[in-house]
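Notes follow once the structure below has been shown.
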Amino acid sequence: MYSIGIEEEFFVFDLKTRRAANRADKTFLAEAKRCLGDRVMTEMLQSQIEVATPPCEAVSQARQHLAGYRTTLGKTAASRSLGIAAVGTFPLARWSEQTLTPKARYDVILDDLQMIGRRNMLCGMHVHVEVPDVSTRVDLMMRLSPYLPLLLALSTSSPFWQEHMTGLRGYRLAAYDELPRTGLPPLLRTQEDYREFVDALVGARVIPDESYIWWAIRPARNFPTIELRVADSCTSIDDAAAIAALFQCLVRALDRDRALNAGFDRVGRAITIENKWHAQRYGIAATFVDPFRRMPITTKEWLDEVLDFVAEDVGALRCQNEIERLSRILDNGTSADRQIVVYEAARNAGQKRLTALKQVVDWVGRQTLSV
């Protein structure tokens, strides 16, 4: 029970120019497919590629799969003078220069979203956790929602957009939330509520099916899981495993005690929306508002409280090593924090903006393959 699967999205970039690839390299994709099979997939924009682990009993197993995928993709890309980067936004990328991947689903999305869809040059990490009783997933989704800003803050890796500093640690969701049916899910409390919502949209031909609902957390359509979608793609594979482990523990904790967060209401949701903004803006340096006690709380204080009540779940899920990594994120900073350090050091040394961004890309590329 509570098996876990992780999906990671990467940018593909030119090792010489450090710019995001405008078009997919067919030889690279063919070799990646030959090595990884259906564990590697194309994305809507040809500068992106995605990998997905099989269901795993422990997050350590998922990490092993991801390490293999990153290594294989890195070697295959390098043979074509390309690199891969696990970041929420790519420092040297312009959405207007990107090429769309030919696929019927993407055609439908782009026809509906127009420019907003074309601007979707963003990479995230999605974590699936099996829920034993699928009829409880909507209730779990609601009760897990308050923790989304914490999980986002720990994962932030998107401080740059369109070759400029944004001033945010997590710009990815600022762009992604332009899309409809994104952000925090509405306060739906039962599977019946959810089905009524989905059926209304499908019946009105607003969407073809529920896979076009892109909330920050959602019940998966094709798997008996609840899916975390709020996290940026994590440059460090250890950060990715740690955040995935925390989500897995939260799912188990709230599933075994269904009274936890049952009082999450409209005010709590409104506070959580504000907390999400603070996570985007400040990352782990944010001060949040506890959505239940209505009191200020730091990222460290919040994480400590969460780790106290999931201690039983950490043991049951055998993820102590991954959970311990969370404190290192707080001590050393997220990818976004460290990208900014690299960029500012280059600028302070007198380098031009684009040269400094190339150094960020070099750092991100190395860290992505440090498995």
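Going through the structure tokens in order, the chains are called A, B, and so on, while each chain numbers its residues from 1 and the ligands are numbered from 1 in the order shown.
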Find the spatial neighbours of A:Cys234, counting only C-alpha atoms, within a cut-off of 12 Å - ignore same-chain residues fewer than 3 positions away - and output them as a ChimeraX atom specification. /A:6-11,66,85-89,123-126,151-158,170,230-231,237-244,329,334-336,364-365,367-369
According to DSSP computed on the backbone, where in stretch 254-310 of chain A is there strand (DSSP E or B)? Give the residues as a ChimeraX atom specification. /A:287-289,296-298
Excluding A:Ala20 and any residue of its chain fewer than 6 positions from it, enumerate the residues within 9 Å of it, using only C-alpha atoms, and give them as number ranges by chain. A: 11-14, 47-48, 90-94, 98
Within 8 Å of A:Met41, counting only C-alpha atoms, which residues show up once you throw out same-chain ones fewer than 2 positions away? Write them as a ChimeraX atom specification, please. /A:38-39,43,49-51
Include N, CA and C atoms and write out the residues we just selected as a PDB file, in the first residue's frame.
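See again12.pdb below for the written result:
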```
ATOM      1  N   ASP A  38       9.240   2.895 -22.759  1.00  0.00           N
ATOM      2  CA  ASP A  38       8.118   3.794 -22.481  1.00  0.00           C
ATOM      3  C   ASP A  38       8.284   4.567 -21.184  1.00  0.00           C
ATOM      4  N   ARG A  39       9.460   4.469 -20.571  1.00  0.00           N
ATOM      5  CA  ARG A  39       9.742   5.272 -19.373  1.00  0.00           C
ATOM      6  C   ARG A  39      10.150   6.692 -19.738  1.00  0.00           C
ATOM      7  N   GLU A  43       7.298  15.878 -24.568  1.00  0.00           N
ATOM      8  CA  GLU A  43       6.366  16.817 -23.965  1.00  0.00           C
ATOM      9  C   GLU A  43       5.785  17.721 -25.055  1.00  0.00           C
ATOM     10  N   ILE A  49      11.539  16.945 -22.207  1.00  0.00           N
ATOM     11  CA  ILE A  49      11.411  15.492 -22.214  1.00  0.00           C
ATOM     12  C   ILE A  49      11.035  15.050 -20.804  1.00  0.00           C
ATOM     13  N   GLU A  50      10.331  13.945 -20.706  1.00  0.00           N
ATOM     14  CA  GLU A  50       9.814  13.500 -19.405  1.00  0.00           C
ATOM     15  C   GLU A  50      10.165  12.037 -19.175  1.00  0.00           C
ATOM     16  N   VAL A  51      10.425  11.686 -17.911  1.00  0.00           N
ATOM     17  CA  VAL A  51      10.615  10.293 -17.518  1.00  0.00           C
ATOM     18  C   VAL A  51       9.634   9.966 -16.402  1.00  0.00           C
TER      19      VAL A  51
END
```
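Residues within 12 Å of A:Gly167, counting only C-alpha atoms and excluding same-chain residues fewer than 6 positions away, are Ser158, Pro159, Phe160, Trp161, Ala174, Gln280, Arg281, Tyr282, Gly283, Ala336, Asp337 and Ile340 of chain A.
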Restricted to N, CA and C atoms, what would the selected residues look like written as a PDB file, in the first residue's frame?
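Generated file (out_36.pdb):
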```pdb
ATOM      1  N   SER A 158      12.916  27.826 -10.054  1.00  0.00           N
ATOM      2  CA  SER A 158      12.574  28.617 -11.245  1.00  0.00           C
ATOM      3  C   SER A 158      12.655  30.120 -10.989  1.00  0.00           C
ATOM      4  N   PRO A 159      13.868  30.640 -10.737  1.00  0.00           N
ATOM      5  CA  PRO A 159      13.999  32.086 -10.498  1.00  0.00           C
ATOM      6  C   PRO A 159      14.166  32.922 -11.761  1.00  0.00           C
ATOM      7  N   PHE A 160      14.333  32.250 -12.929  1.00  0.00           N
ATOM      8  CA  PHE A 160      14.565  32.977 -14.184  1.00  0.00           C
ATOM      9  C   PHE A 160      13.428  32.713 -15.171  1.00  0.00           C
ATOM     10  N   TRP A 161      13.144  33.724 -15.993  1.00  0.00           N
ATOM     11  CA  TRP A 161      12.124  33.593 -17.038  1.00  0.00           C
ATOM     12  C   TRP A 161      12.490  34.500 -18.188  1.00  0.00           C
ATOM     13  N   ALA A 174       3.663  30.930 -11.499  1.00  0.00           N
ATOM     14  CA  ALA A 174       3.116  32.217 -11.933  1.00  0.00           C
ATOM     15  C   ALA A 174       2.720  32.140 -13.400  1.00  0.00           C
ATOM     16  N   GLN A 280       6.103  30.886  -3.727  1.00  0.00           N
ATOM     17  CA  GLN A 280       6.611  31.267  -5.038  1.00  0.00           C
ATOM     18  C   GLN A 280       7.593  32.430  -4.919  1.00  0.00           C
ATOM     19  N   ARG A 281       7.248  33.395  -4.107  1.00  0.00           N
ATOM     20  CA  ARG A 281       8.056  34.611  -3.999  1.00  0.00           C
ATOM     21  C   ARG A 281       9.357  34.385  -3.223  1.00  0.00           C
ATOM     22  N   TYR A 282       9.266  33.718  -2.071  1.00  0.00           N
ATOM     23  CA  TYR A 282      10.411  33.650  -1.166  1.00  0.00           C
ATOM     24  C   TYR A 282      11.000  32.256  -0.983  1.00  0.00           C
ATOM     25  N   GLY A 283      10.344  31.216  -1.494  1.00  0.00           N
ATOM     26  CA  GLY A 283      10.866  29.871  -1.287  1.00  0.00           C
ATOM     27  C   GLY A 283      10.910  29.509   0.183  1.00  0.00           C
ATOM     28  N   ALA A 336      16.714  27.087  -6.604  1.00  0.00           N
ATOM     29  CA  ALA A 336      16.530  28.504  -6.944  1.00  0.00           C
ATOM     30  C   ALA A 336      17.524  29.383  -6.187  1.00  0.00           C
ATOM     31  N   ASP A 337      17.680  29.121  -4.893  1.00  0.00           N
ATOM     32  CA  ASP A 337      18.624  29.906  -4.096  1.00  0.00           C
ATOM     33  C   ASP A 337      20.034  29.790  -4.649  1.00  0.00           C
ATOM     34  N   ILE A 340      20.648  31.554  -8.008  1.00  0.00           N
ATOM     35  CA  ILE A 340      20.802  33.001  -7.816  1.00  0.00           C
ATOM     36  C   ILE A 340      22.203  33.325  -7.309  1.00  0.00           C
TER      37      ILE A 340
END
```
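What separates atom CA of A:Asn222 from atom CA of A:Pro102 is a distance of 22.6 Å.
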Residues near stretch 30-32 of chain A, cut-off 12 Å, only C-alpha atoms, skip fewer than 6 positions along chain, as number ranges by chain: A: 24, 38-42, 49-51, 68-80
Output file for the selection above: C-alpha atoms, as a PDB file, in the first residue's frame:
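What landed in out29.pdb:
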```
ATOM      1  CA  ALA A  24      13.839  17.910 -30.842  1.00  0.00           C
ATOM      2  CA  ASP A  38       8.118   3.794 -22.481  1.00  0.00           C
ATOM      3  CA  ARG A  39       9.742   5.272 -19.373  1.00  0.00           C
ATOM      4  CA  VAL A  40      10.711   8.314 -21.460  1.00  0.00           C
ATOM      5  CA  MET A  41       8.204  10.544 -23.258  1.00  0.00           C
ATOM      6  CA  THR A  42       8.127  13.729 -25.278  1.00  0.00           C
ATOM      7  CA  ILE A  49      11.411  15.492 -22.214  1.00  0.00           C
ATOM      8  CA  GLU A  50       9.814  13.500 -19.405  1.00  0.00           C
ATOM      9  CA  VAL A  51      10.615  10.293 -17.518  1.00  0.00           C
ATOM     10  CA  GLY A  68      19.392   5.613 -14.101  1.00  0.00           C
ATOM     11  CA  TYR A  69      17.127   7.739 -16.286  1.00  0.00           C
ATOM     12  CA  ARG A  70      19.139  10.903 -15.656  1.00  0.00           C
ATOM     13  CA  THR A  71      22.429   9.146 -16.356  1.00  0.00           C
ATOM     14  CA  THR A  72      21.172   7.546 -19.559  1.00  0.00           C
ATOM     15  CA  LEU A  73      19.593  10.749 -20.849  1.00  0.00           C
ATOM     16  CA  GLY A  74      22.692  12.733 -19.944  1.00  0.00           C
ATOM     17  CA  LYS A  75      25.051  10.413 -21.829  1.00  0.00           C
ATOM     18  CA  THR A  76      22.732  10.153 -24.812  1.00  0.00           C
ATOM     19  CA  ALA A  77      22.267  13.911 -24.944  1.00  0.00           C
ATOM     20  CA  ALA A  78      26.014  14.597 -24.654  1.00  0.00           C
ATOM     21  CA  SER A  79      26.673  12.384 -27.683  1.00  0.00           C
ATOM     22  CA  ARG A  80      24.542  14.876 -29.630  1.00  0.00           C
TER      23      ARG A  80
END
```
So which residues touch stretch 295-311 of chain A within 7 Å, counting only C-alpha atoms, skipping near sequence neighbours fewer than 4 positions away, as a PyMOL selection string? chain A and resi 150+249-250+253+284-290+315
Pairwise distance for atom CA of A:Ala245 and atom CA of A:Met121, rounded to one decimal in Å: 26.6 Å
Quick check, in Å to one decimal: how far apart do atom CA of A:Thr235 and atom CA of A:Cys56 lie? 21.3 Å
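The residue that comes closest to A:Arg23, out of A:Ala58, A:Ile271, A:Val361, A:Leu100 and on the basis of only C-alpha atoms, is A:Leu100.
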My list of candidates is A:Ala346, A:Ala67, A:Val360, A:Leu179. Which is closest to A:Asp112 when distances are computed with only C-alpha atoms? A:Leu179
